[in-house]
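**Q** Next comes the structure file work.cif, holding mmCIF, C-alpha atoms.
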data_query
loop_
_atom_site.group_PDB
_atom_site.id
_atom_site.type_symbol
_atom_site.label_atom_id
_atom_site.label_comp_id
_atom_site.auth_asym_id
_atom_site.auth_seq_id
_atom_site.Cartn_x
_atom_site.Cartn_y
_atom_site.Cartn_z
ATOM 1 C CA MET B 1 -20.706 -8.175 -38.280
ATOM 2 C CA GLY B 2 -18.181 -10.103 -40.322
ATOM 3 C CA ASN B 3 -15.733 -7.194 -40.437
ATOM 4 C CA LYS B 4 -16.001 -6.565 -36.682
ATOM 5 C CA TYR B 5 -15.423 -10.202 -35.924
ATOM 6 C CA GLY B 6 -12.432 -10.297 -38.256
ATOM 7 C CA ARG B 7 -10.854 -7.231 -36.658
ATOM 8 C CA ARG B 8 -11.347 -8.670 -33.180
ATOM 9 C CA GLU B 9 -9.706 -11.910 -34.178
ATOM 10 C CA PHE B 10 -6.872 -10.014 -35.875
ATOM 11 C CA MET B 11 -6.165 -7.956 -32.732
ATOM 12 C CA LYS B 12 -6.247 -11.074 -30.559
ATOM 13 C CA LYS B 13 -3.807 -12.907 -32.818
ATOM 14 C CA THR B 14 -1.542 -9.848 -32.986
ATOM 15 C CA ALA B 15 -1.383 -9.710 -29.190
ATOM 16 C CA LEU B 16 -0.556 -13.407 -28.983
ATOM 17 C CA VAL B 17 2.176 -13.081 -31.605
ATOM 18 C CA SER B 18 3.673 -10.060 -29.804
ATOM 19 C CA ALA B 19 3.730 -11.971 -26.544
ATOM 20 C CA ALA B 20 5.314 -14.971 -28.208
ATOM 21 C CA LEU B 21 7.993 -12.788 -29.790
ATOM 22 C CA ALA B 22 8.713 -11.179 -26.439
ATOM 23 C CA VAL B 23 9.124 -14.555 -24.767
ATOM 24 C CA GLY B 24 11.239 -15.844 -27.640
ATOM 25 C CA SER B 25 13.547 -12.863 -27.351
ATOM 26 C CA GLY B 26 13.998 -13.413 -23.630
ATOM 27 C CA LEU B 27 11.882 -10.403 -22.597
ATOM 28 C CA ASP B 28 9.483 -10.688 -19.661
ATOM 29 C CA VAL B 29 5.998 -9.768 -20.904
ATOM 30 C CA ARG B 30 5.227 -8.511 -17.370
ATOM 31 C CA ALA B 31 8.122 -6.042 -17.454
ATOM 32 C CA ALA B 32 5.789 -3.156 -18.334
ATOM 33 C CA GLN B 33 4.106 -3.456 -14.941
ATOM 34 C CA LYS B 34 5.149 -0.830 -12.440
ATOM 35 C CA PRO B 35 6.663 -2.020 -9.164
ATOM 36 C CA VAL B 36 4.588 -1.873 -5.992
ATOM 37 C CA LEU B 37 7.584 -1.691 -3.662
ATOM 38 C CA VAL B 38 10.895 0.179 -3.996
ATOM 39 C CA LYS B 39 13.796 0.221 -1.563
ATOM 40 C CA VAL B 40 16.769 2.571 -1.658
ATOM 41 C CA SER B 41 19.613 2.051 0.812
ATOM 42 C CA GLY B 42 23.140 3.195 1.437
ATOM 43 C CA ALA B 43 25.311 5.777 3.109
ATOM 44 C CA GLY B 44 24.142 8.344 0.554
ATOM 45 C CA VAL B 45 20.565 8.303 1.840
ATOM 46 C CA PRO B 46 21.050 10.410 5.003
ATOM 47 C CA LYS B 47 23.610 12.588 3.213
ATOM 48 C CA ASP B 48 21.043 13.758 0.643
ATOM 49 C CA ILE B 49 17.508 12.842 1.684
ATOM 50 C CA THR B 50 15.935 14.831 -1.156
ATOM 51 C CA ALA B 51 17.918 12.888 -3.759
ATOM 52 C CA ALA B 52 17.098 9.640 -1.965
ATOM 53 C CA VAL B 53 13.362 10.341 -2.023
ATOM 54 C CA LYS B 54 13.491 11.204 -5.712
ATOM 55 C CA LYS B 55 15.419 8.004 -6.390
ATOM 56 C CA VAL B 56 12.964 5.781 -4.509
ATOM 57 C CA LEU B 57 10.019 7.324 -6.374
ATOM 58 C CA GLU B 58 11.507 7.082 -9.872
ATOM 59 C CA PRO B 59 10.501 3.445 -10.531
ATOM 60 C CA LEU B 60 6.961 4.319 -9.427
ATOM 61 C CA GLY B 61 6.774 7.103 -12.004
ATOM 62 C CA GLY B 62 8.021 9.910 -9.778
ATOM 63 C CA MET B 63 5.837 12.276 -7.783
ATOM 64 C CA ARG B 64 4.048 13.334 -10.974
ATOM 65 C CA ALA B 65 2.506 9.865 -11.149
ATOM 66 C CA PHE B 66 0.590 10.765 -7.971
ATOM 67 C CA VAL B 67 0.179 14.552 -7.796
ATOM 68 C CA LYS B 68 -1.427 16.669 -10.513
ATOM 69 C CA LYS B 69 -1.836 20.410 -10.912
ATOM 70 C CA GLY B 70 -4.311 21.978 -8.495
ATOM 71 C CA GLN B 71 -4.668 18.966 -6.223
ATOM 72 C CA LYS B 72 -4.810 19.063 -2.450
ATOM 73 C CA VAL B 73 -2.231 16.727 -0.907
ATOM 74 C CA LEU B 74 -2.074 15.151 2.537
ATOM 75 C CA LEU B 75 1.240 14.055 4.046
ATOM 76 C CA LYS B 76 0.537 11.814 7.024
ATOM 77 C CA PRO B 77 3.691 11.433 9.165
ATOM 78 C CA ASN B 78 4.181 9.960 12.613
ATOM 79 C CA VAL B 79 4.262 12.963 14.938
ATOM 80 C CA GLY B 80 2.755 11.301 17.974
ATOM 81 C CA PHE B 81 5.428 12.152 20.527
ATOM 82 C CA PRO B 82 7.360 15.226 21.700
ATOM 83 C CA THR B 83 10.769 13.830 20.855
ATOM 84 C CA PRO B 84 13.595 15.441 18.869
ATOM 85 C CA PRO B 85 14.385 14.089 15.378
ATOM 86 C CA GLU B 86 17.571 12.344 16.528
ATOM 87 C CA GLN B 87 15.519 9.910 18.633
ATOM 88 C CA HIS B 88 13.709 8.658 15.485
ATOM 89 C CA ALA B 89 10.333 8.243 17.159
ATOM 90 C CA THR B 90 8.826 10.621 14.588
ATOM 91 C CA THR B 91 9.155 10.988 10.821
ATOM 92 C CA SER B 92 12.235 12.810 9.524
ATOM 93 C CA PRO B 93 11.431 16.525 9.078
ATOM 94 C CA LEU B 94 13.894 16.690 6.187
ATOM 95 C CA MET B 95 12.048 13.884 4.412
ATOM 96 C CA LEU B 96 8.726 15.633 4.936
ATOM 97 C CA LYS B 97 10.180 18.863 3.552
ATOM 98 C CA ALA B 98 11.507 17.037 0.495
ATOM 99 C CA VAL B 99 8.165 15.384 -0.262
ATOM 100 C CA ALA B 100 6.235 18.594 0.328
ATOM 101 C CA GLN B 101 8.493 20.418 -2.137
ATOM 102 C CA MET B 102 8.037 17.665 -4.722
ATOM 103 C CA ALA B 103 4.263 17.998 -4.403
ATOM 104 C CA LEU B 104 4.564 21.778 -4.882
ATOM 105 C CA ASP B 105 6.781 21.192 -7.910
ATOM 106 C CA CYS B 106 3.873 19.197 -9.353
ATOM 107 C CA GLU B 107 1.733 22.340 -8.807
ATOM 108 C CA ALA B 108 -0.279 21.008 -5.892
ATOM 109 C CA SER B 109 -2.615 23.733 -4.629
ATOM 110 C CA GLN B 110 -2.058 22.848 -0.988
ATOM 111 C CA VAL B 111 0.028 20.436 1.086
ATOM 112 C CA LEU B 112 -1.259 19.480 4.533
ATOM 113 C CA ILE B 113 0.954 17.751 7.101
ATOM 114 C CA LEU B 114 -1.418 16.292 9.702
ATOM 115 C CA ASP B 115 -1.336 13.868 12.617
ATOM 116 C CA ASN B 116 -3.348 13.569 15.829
ATOM 117 C CA PRO B 117 -0.631 13.078 18.459
ATOM 118 C CA THR B 118 -0.842 10.871 21.521
ATOM 119 C CA ARG B 119 0.816 13.562 23.649
ATOM 120 C CA ARG B 120 0.244 17.295 24.023
ATOM 121 C CA PRO B 121 0.267 18.876 20.537
ATOM 122 C CA GLU B 122 2.055 22.007 21.729
ATOM 123 C CA ALA B 123 4.967 19.935 23.010
ATOM 124 C CA CYS B 124 5.093 17.874 19.816
ATOM 125 C CA MET B 125 5.045 20.970 17.608
ATOM 126 C CA ARG B 126 7.868 22.471 19.619
ATOM 127 C CA VAL B 127 10.401 19.637 19.368
ATOM 128 C CA VAL B 128 9.757 17.353 16.356
ATOM 129 C CA GLY B 129 11.469 19.782 13.951
ATOM 130 C CA ILE B 130 8.805 19.815 11.252
ATOM 131 C CA LYS B 131 7.609 23.378 11.822
ATOM 132 C CA GLU B 132 11.123 24.685 11.271
ATOM 133 C CA ALA B 133 11.725 22.397 8.269
ATOM 134 C CA VAL B 134 8.724 23.670 6.308
ATOM 135 C CA ALA B 135 8.878 27.290 7.466
ATOM 136 C CA GLY B 136 8.528 29.659 4.542
ATOM 137 C CA MET B 137 7.105 27.045 2.159
ATOM 138 C CA SER B 138 4.096 28.576 0.478
ATOM 139 C CA ASN B 139 0.856 26.537 0.660
ATOM 140 C CA VAL B 140 2.368 23.990 3.084
ATOM 141 C CA HIS B 141 0.496 23.772 6.393
ATOM 142 C CA PHE B 142 1.563 21.701 9.399
ATOM 143 C CA PHE B 143 -0.762 21.276 12.352
ATOM 144 C CA LEU B 144 -1.787 18.643 14.876
ATOM 145 C CA PRO B 145 -5.594 18.521 15.001
ATOM 146 C CA THR B 146 -7.127 17.556 18.355
ATOM 147 C CA SER B 147 -10.453 19.442 18.386
ATOM 148 C CA ASP B 148 -13.500 17.205 17.852
ATOM 149 C CA LYS B 149 -14.930 19.877 15.525
ATOM 150 C CA LEU B 150 -12.312 18.888 12.932
ATOM 151 C CA TYR B 151 -13.559 15.299 12.713
ATOM 152 C CA GLN B 152 -16.502 13.634 11.003
ATOM 153 C CA LYS B 153 -18.400 10.508 12.029
ATOM 154 C CA THR B 154 -17.643 7.868 9.417
ATOM 155 C CA ALA B 155 -18.982 4.356 8.922
ATOM 156 C CA ILE B 156 -16.584 1.435 8.434
ATOM 157 C CA PRO B 157 -18.696 -0.841 6.176
ATOM 158 C CA LYS B 158 -16.191 -3.707 6.168
ATOM 159 C CA GLY B 159 -15.223 -3.362 9.812
ATOM 160 C CA LYS B 160 -15.320 -6.460 11.991
ATOM 161 C CA ALA B 161 -14.433 -4.801 15.304
ATOM 162 C CA LEU B 162 -14.574 -1.121 14.334
ATOM 163 C CA LYS B 163 -17.932 -0.209 12.794
ATOM 164 C CA ARG B 164 -17.620 3.576 12.883
ATOM 165 C CA THR B 165 -15.194 6.243 14.004
ATOM 166 C CA GLU B 166 -14.535 9.978 13.674
ATOM 167 C CA ILE B 167 -12.082 10.748 10.891
ATOM 168 C CA LEU B 168 -10.335 14.060 10.260
ATOM 169 C CA LYS B 169 -12.456 16.014 7.778
ATOM 170 C CA ASP B 170 -9.436 17.211 5.811
ATOM 171 C CA VAL B 171 -8.471 13.602 5.107
ATOM 172 C CA LEU B 172 -11.859 12.941 3.545
ATOM 173 C CA SER B 173 -11.499 15.906 1.176
ATOM 174 C CA VAL B 174 -7.912 15.623 -0.101
ATOM 175 C CA ASP B 175 -7.116 14.467 -3.623
ATOM 176 C CA VAL B 176 -3.884 12.670 -2.753
ATOM 177 C CA HIS B 177 -2.998 10.863 0.473
ATOM 178 C CA ILE B 178 0.707 10.141 1.039
ATOM 179 C CA ALA B 179 1.507 8.196 4.197
ATOM 180 C CA MET B 180 4.943 8.955 5.655
ATOM 181 C CA PRO B 181 5.493 6.698 8.686
ATOM 182 C CA ILE B 182 8.736 5.844 10.455
ATOM 183 C CA ALA B 183 9.694 2.207 11.025
ATOM 184 C CA LYS B 184 9.833 1.274 14.706
ATOM 185 C CA SER B 185 8.897 -1.265 17.325
ATOM 186 C CA HIS B 186 5.628 -1.027 19.236
ATOM 187 C CA ASN B 187 5.020 -2.411 22.695
ATOM 188 C CA ALA B 188 1.430 -3.480 21.922
ATOM 189 C CA ALA B 189 1.365 -4.204 18.186
ATOM 190 C CA GLY B 190 4.960 -5.400 17.779
ATOM 191 C CA PHE B 191 5.607 -2.964 14.942
ATOM 192 C CA THR B 192 4.213 0.372 13.848
ATOM 193 C CA GLY B 193 4.419 1.748 10.335
ATOM 194 C CA GLY B 194 1.910 2.905 7.751
ATOM 195 C CA LEU B 195 -1.080 0.754 8.671
ATOM 196 C CA LYS B 196 -1.047 1.476 12.388
ATOM 197 C CA GLY B 197 -0.159 5.086 11.634
ATOM 198 C CA MET B 198 -3.665 5.640 10.243
ATOM 199 C CA MET B 199 -4.772 5.914 13.883
ATOM 200 C CA GLY B 200 -3.311 9.417 13.734
ATOM 201 C CA LEU B 201 -6.186 10.462 11.469
ATOM 202 C CA ILE B 202 -8.992 9.660 13.901
ATOM 203 C CA LEU B 203 -10.219 11.416 17.032
ATOM 204 C CA ASP B 204 -10.542 8.501 19.455
ATOM 205 C CA ARG B 205 -7.240 6.639 19.392
ATOM 206 C CA GLU B 206 -7.551 5.353 22.959
ATOM 207 C CA SER B 207 -10.502 3.075 22.139
ATOM 208 C CA PHE B 208 -8.273 0.946 19.929
ATOM 209 C CA HIS B 209 -6.368 -0.077 23.035
ATOM 210 C CA SER B 210 -9.281 -0.275 25.496
ATOM 211 C CA ARG B 211 -12.485 -1.240 23.656
ATOM 212 C CA PHE B 212 -11.379 -3.155 20.585
ATOM 213 C CA ASP B 213 -8.962 -5.810 19.483
ATOM 214 C CA LEU B 214 -6.116 -3.468 18.503
ATOM 215 C CA ASN B 215 -4.954 -5.443 15.480
ATOM 216 C CA GLN B 216 -8.410 -5.984 14.012
ATOM 217 C CA ALA B 217 -9.344 -2.334 14.552
ATOM 218 C CA ILE B 218 -6.194 -1.226 12.720
ATOM 219 C CA VAL B 219 -7.153 -3.366 9.741
ATOM 220 C CA ASP B 220 -10.778 -2.179 9.850
ATOM 221 C CA LEU B 221 -9.647 1.451 9.779
ATOM 222 C CA ASN B 222 -7.420 0.789 6.792
ATOM 223 C CA THR B 223 -10.383 -0.428 4.761
ATOM 224 C CA VAL B 224 -11.516 3.214 4.553
ATOM 225 C CA LEU B 225 -8.194 5.067 4.866
ATOM 226 C CA LYS B 226 -6.157 4.024 1.843
ATOM 227 C CA PRO B 227 -3.082 6.079 0.939
ATOM 228 C CA HIS B 228 -2.168 6.444 -2.706
ATOM 229 C CA LEU B 229 1.510 6.238 -1.811
ATOM 230 C CA VAL B 230 3.550 5.208 1.222
ATOM 231 C CA ILE B 231 7.039 6.595 1.872
ATOM 232 C CA MET B 232 8.644 4.905 4.870
ATOM 233 C CA ASP B 233 11.426 6.489 6.934
ATOM 234 C CA GLY B 234 13.803 3.611 7.669
ATOM 235 C CA ILE B 235 16.986 5.620 8.144
ATOM 236 C CA LYS B 236 17.231 4.474 11.754
ATOM 237 C CA VAL B 237 14.868 1.860 13.159
ATOM 238 C CA MET B 238 13.831 2.084 16.815
ATOM 239 C CA ALA B 239 14.250 -1.608 17.636
ATOM 240 C CA THR B 240 13.180 -1.455 21.287
ATOM 241 C CA ASP B 241 10.931 0.613 23.553
ATOM 242 C CA GLY B 242 8.711 1.845 20.736
ATOM 243 C CA PRO B 243 6.690 3.723 19.915
ATOM 244 C CA ALA B 244 7.780 6.659 22.077
ATOM 245 C CA GLY B 245 11.309 5.625 22.993
ATOM 246 C CA PRO B 246 14.024 6.444 23.540
ATOM 247 C CA GLY B 247 15.002 3.000 22.367
ATOM 248 C CA GLU B 248 17.823 1.145 20.668
ATOM 249 C CA LEU B 249 18.416 2.618 17.224
ATOM 250 C CA ILE B 250 19.708 0.456 14.380
ATOM 251 C CA THR B 251 21.070 2.388 11.414
ATOM 252 C CA LYS B 252 19.676 1.082 8.107
ATOM 253 C CA ASN B 253 19.973 4.196 5.903
ATOM 254 C CA THR B 254 16.887 3.104 3.984
ATOM 255 C CA ILE B 255 13.787 4.647 2.489
ATOM 256 C CA LEU B 256 10.936 2.423 1.289
ATOM 257 C CA ALA B 257 8.148 3.507 -1.031
ATOM 258 C CA GLY B 258 5.229 1.786 -2.649
ATOM 259 C CA THR B 259 1.587 1.654 -3.574
ATOM 260 C CA ASP B 260 0.910 -1.458 -1.486
ATOM 261 C CA PRO B 261 0.809 -0.365 2.183
ATOM 262 C CA VAL B 262 1.002 -3.943 3.456
ATOM 263 C CA ALA B 263 4.099 -4.692 1.377
ATOM 264 C CA VAL B 264 5.823 -1.491 2.532
ATOM 265 C CA ASP B 265 5.139 -2.262 6.208
ATOM 266 C CA ALA B 266 6.257 -5.865 5.749
ATOM 267 C CA ALA B 267 9.535 -4.788 4.154
ATOM 268 C CA ALA B 268 10.084 -2.342 7.020
ATOM 269 C CA VAL B 269 9.601 -5.118 9.594
ATOM 270 C CA GLU B 270 12.485 -6.976 7.983
ATOM 271 C CA LEU B 271 14.869 -4.008 8.039
ATOM 272 C CA ALA B 272 16.180 -4.704 11.541
ATOM 273 C CA PRO B 273 15.659 -7.082 14.477
ATOM 274 C CA LEU B 274 12.880 -5.957 16.802
ATOM 275 C CA TYR B 275 13.351 -6.503 20.515
ATOM 276 C CA GLY B 276 16.525 -8.448 19.826
ATOM 277 C CA ARG B 277 15.154 -10.983 17.369
ATOM 278 C CA LYS B 278 14.324 -11.237 13.714
ATOM 279 C CA ILE B 279 10.603 -10.910 13.220
ATOM 280 C CA LYS B 280 8.799 -12.151 10.117
ATOM 281 C CA PRO B 281 6.036 -9.881 8.789
ATOM 282 C CA ARG B 282 3.520 -12.685 9.251
ATOM 283 C CA GLN B 283 4.256 -12.596 12.982
ATOM 284 C CA ILE B 284 2.867 -9.055 13.184
ATOM 285 C CA LYS B 285 -0.813 -9.778 13.678
ATOM 286 C CA HIS B 286 -2.280 -6.703 12.007
ATOM 287 C CA LEU B 287 -0.105 -7.229 8.917
ATOM 288 C CA LYS B 288 -1.249 -10.828 8.583
ATOM 289 C CA LEU B 289 -4.883 -9.749 9.024
ATOM 290 C CA ALA B 290 -4.410 -6.942 6.484
ATOM 291 C CA GLU B 291 -3.253 -9.387 3.824
ATOM 292 C CA LYS B 292 -6.129 -11.732 4.621
ATOM 293 C CA THR B 293 -8.559 -8.812 4.299
ATOM 294 C CA GLY B 294 -7.180 -7.940 0.867
ATOM 295 C CA LEU B 295 -5.454 -4.671 1.735
ATOM 296 C CA GLY B 296 -2.207 -5.816 0.111
ATOM 297 C CA VAL B 297 0.365 -8.580 0.172
ATOM 298 C CA LEU B 298 3.204 -9.290 2.554
ATOM 299 C CA LYS B 299 5.554 -10.326 -0.239
ATOM 300 C CA PRO B 300 4.944 -9.025 -3.757
ATOM 301 C CA PRO B 301 6.298 -10.988 -6.751
ATOM 302 C CA ALA B 302 10.015 -10.432 -7.288
ATOM 303 C CA ASP B 303 9.387 -8.587 -10.553
ATOM 304 C CA ARG B 304 7.275 -5.986 -8.715
ATOM 305 C CA ILE B 305 10.064 -5.102 -6.253
ATOM 306 C CA VAL B 306 12.953 -2.735 -7.047
ATOM 307 C CA THR B 307 16.054 -2.486 -4.830
ATOM 308 C CA LEU B 308 18.463 0.419 -5.313
ATOM 309 C CA GLU B 309 21.733 1.536 -3.764
ATOM 310 C CA MET B 310 22.856 5.074 -3.066
#
Take the structure in the file and give it back as structure tokens.
**A**
Amino acid sequence: MGNKYGRREFMKKTALVSAALAVGSGLDVRAAQKPVLVKVSGAGVPKDITAAVKKVLEPLGGMRAFVKKGQKVLLKPNVGFPTPPEQHATTSPLMLKAVAQMALDCEASQVLILDNPTRRPEACMRVVGIKEAVAGMSNVHFFLPTSDKLYQKTAIPKGKALKRTEILKDVLSVDVHIAMPIAKSHNAAGFTGGLKGMMGLILDRESFHSRFDLNQAIVDLNTVLKPHLVIMDGIKVMATDGPAGPGELITKNTILAGTDPVAVDAAAVELAPLYGRKIKPRQIKHLKLAEKTGLGVLKPPADRIVTLEM
């Protein structure tokens, strides 16, 4: 017992001395912590989206920090509307292609690009540009699931408004969930990004607008649908007439990424004025509720945020 106690005390003192030395040398003892939010901006982003995505993921450990050999990966974009890429109502097809290729480079067994659209899936498939972007990529599958057979009844244990819903079966079986929303205004929720985008993984989206408090239901859903990584398309923000548009587009040439979905959405809210005025993340009801529920924070500590130029 005496030897064990002595070793424990020795290790404790060693840790304290190391910390003291780090502080004395001007080093931040928290520096080893990975960031939870990364932002890359600049004219170079739209010129080379693949390089931009790699750059925004580097501080998080790169794609290999999230995807391992043989894993099944979900990319969840916003593909809700039959609008061409230049209207920026849907996630950039080039960004989706870049992320899909990175997952394959990590030897993912399968990459699924899935979203339950609000409009006719055939029309969405035809014009959003994703089908063409990923054509020829082995083990990458893009489809818009609308059949109720593809969904599974799922309880929401922590739900306050939403107690159960039908979630896409594939989502419940993947190893890695990467949310890939696009930053834009929303006529009912104020803003739509990663958190609200989870509605694209359930069968009954309409009930969120008719039966439940929309903002609370969004938060409830996110207690069971938790992406491992969020990559936000903020190249051009639809500042008005979202989510379908066409609306006013404000060029920000930005990609956000992080492991805290609330922080990523909050940073996206601050990219550009929405409906002609600067909106604080706390003014978006579902973001404020999400932080209160413990899904993330609106503003991470400064030492957990990385800002890069390109």
**Q** Using only C-alpha atoms for the distances, tell me which of B:Asn78, B:Thr83, B:Thr240, B:Ser92 is nearest to B:Leu144.
**A**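 Once distances to B:Leu144 are computed over only C-alpha atoms, the minimum belongs to B:Asn78.
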**Q** For the file shown, report as a count of residues only the outcome of the PyMOL selection byres ((chain B and resi 98) around 9) at residue level.
**A** 15
**Q** At most 12 Å from (26.0, 6.4, 3.2), file frame, only C-alpha atoms: which residues, as number ranges by chain?
**A** B: 40-49, 52, 235, 251-254, 309-310
**Q** Using atom CA of B:Glu122 and atom CA of B:Leu195 as the two end points, give the distance in Å to one decimal.
**A**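 Pair atom CA of B:Glu122 / atom CA of B:Leu195 returns 25.1 Å.
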**Q** What does the structure give for the distance between atom CA of B:His209 and atom CA of B:Arg119, in Å to one decimal?
**A**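 If I compute the distance from atom CA of B:His209 to atom CA of B:Arg119, I get 15.4 Å.
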**Q** For the file shown, report as a ChimeraX atom specification the outcome of the PyMOL selection byres ((chain B and resi 129) around 7) at residue level.
**A** /B:84-85,93,127-128,130-133
**Q** Can you tell me which residues surround B:Gly197 at a distance of at most 7 Å, considering only C-alpha atoms, apart from same-chain residues fewer than 3 positions away, and format the answer as a list in words?
**A** Asn78, Pro181, Thr192, Gly193, Gly194 and Gly200 of chain B
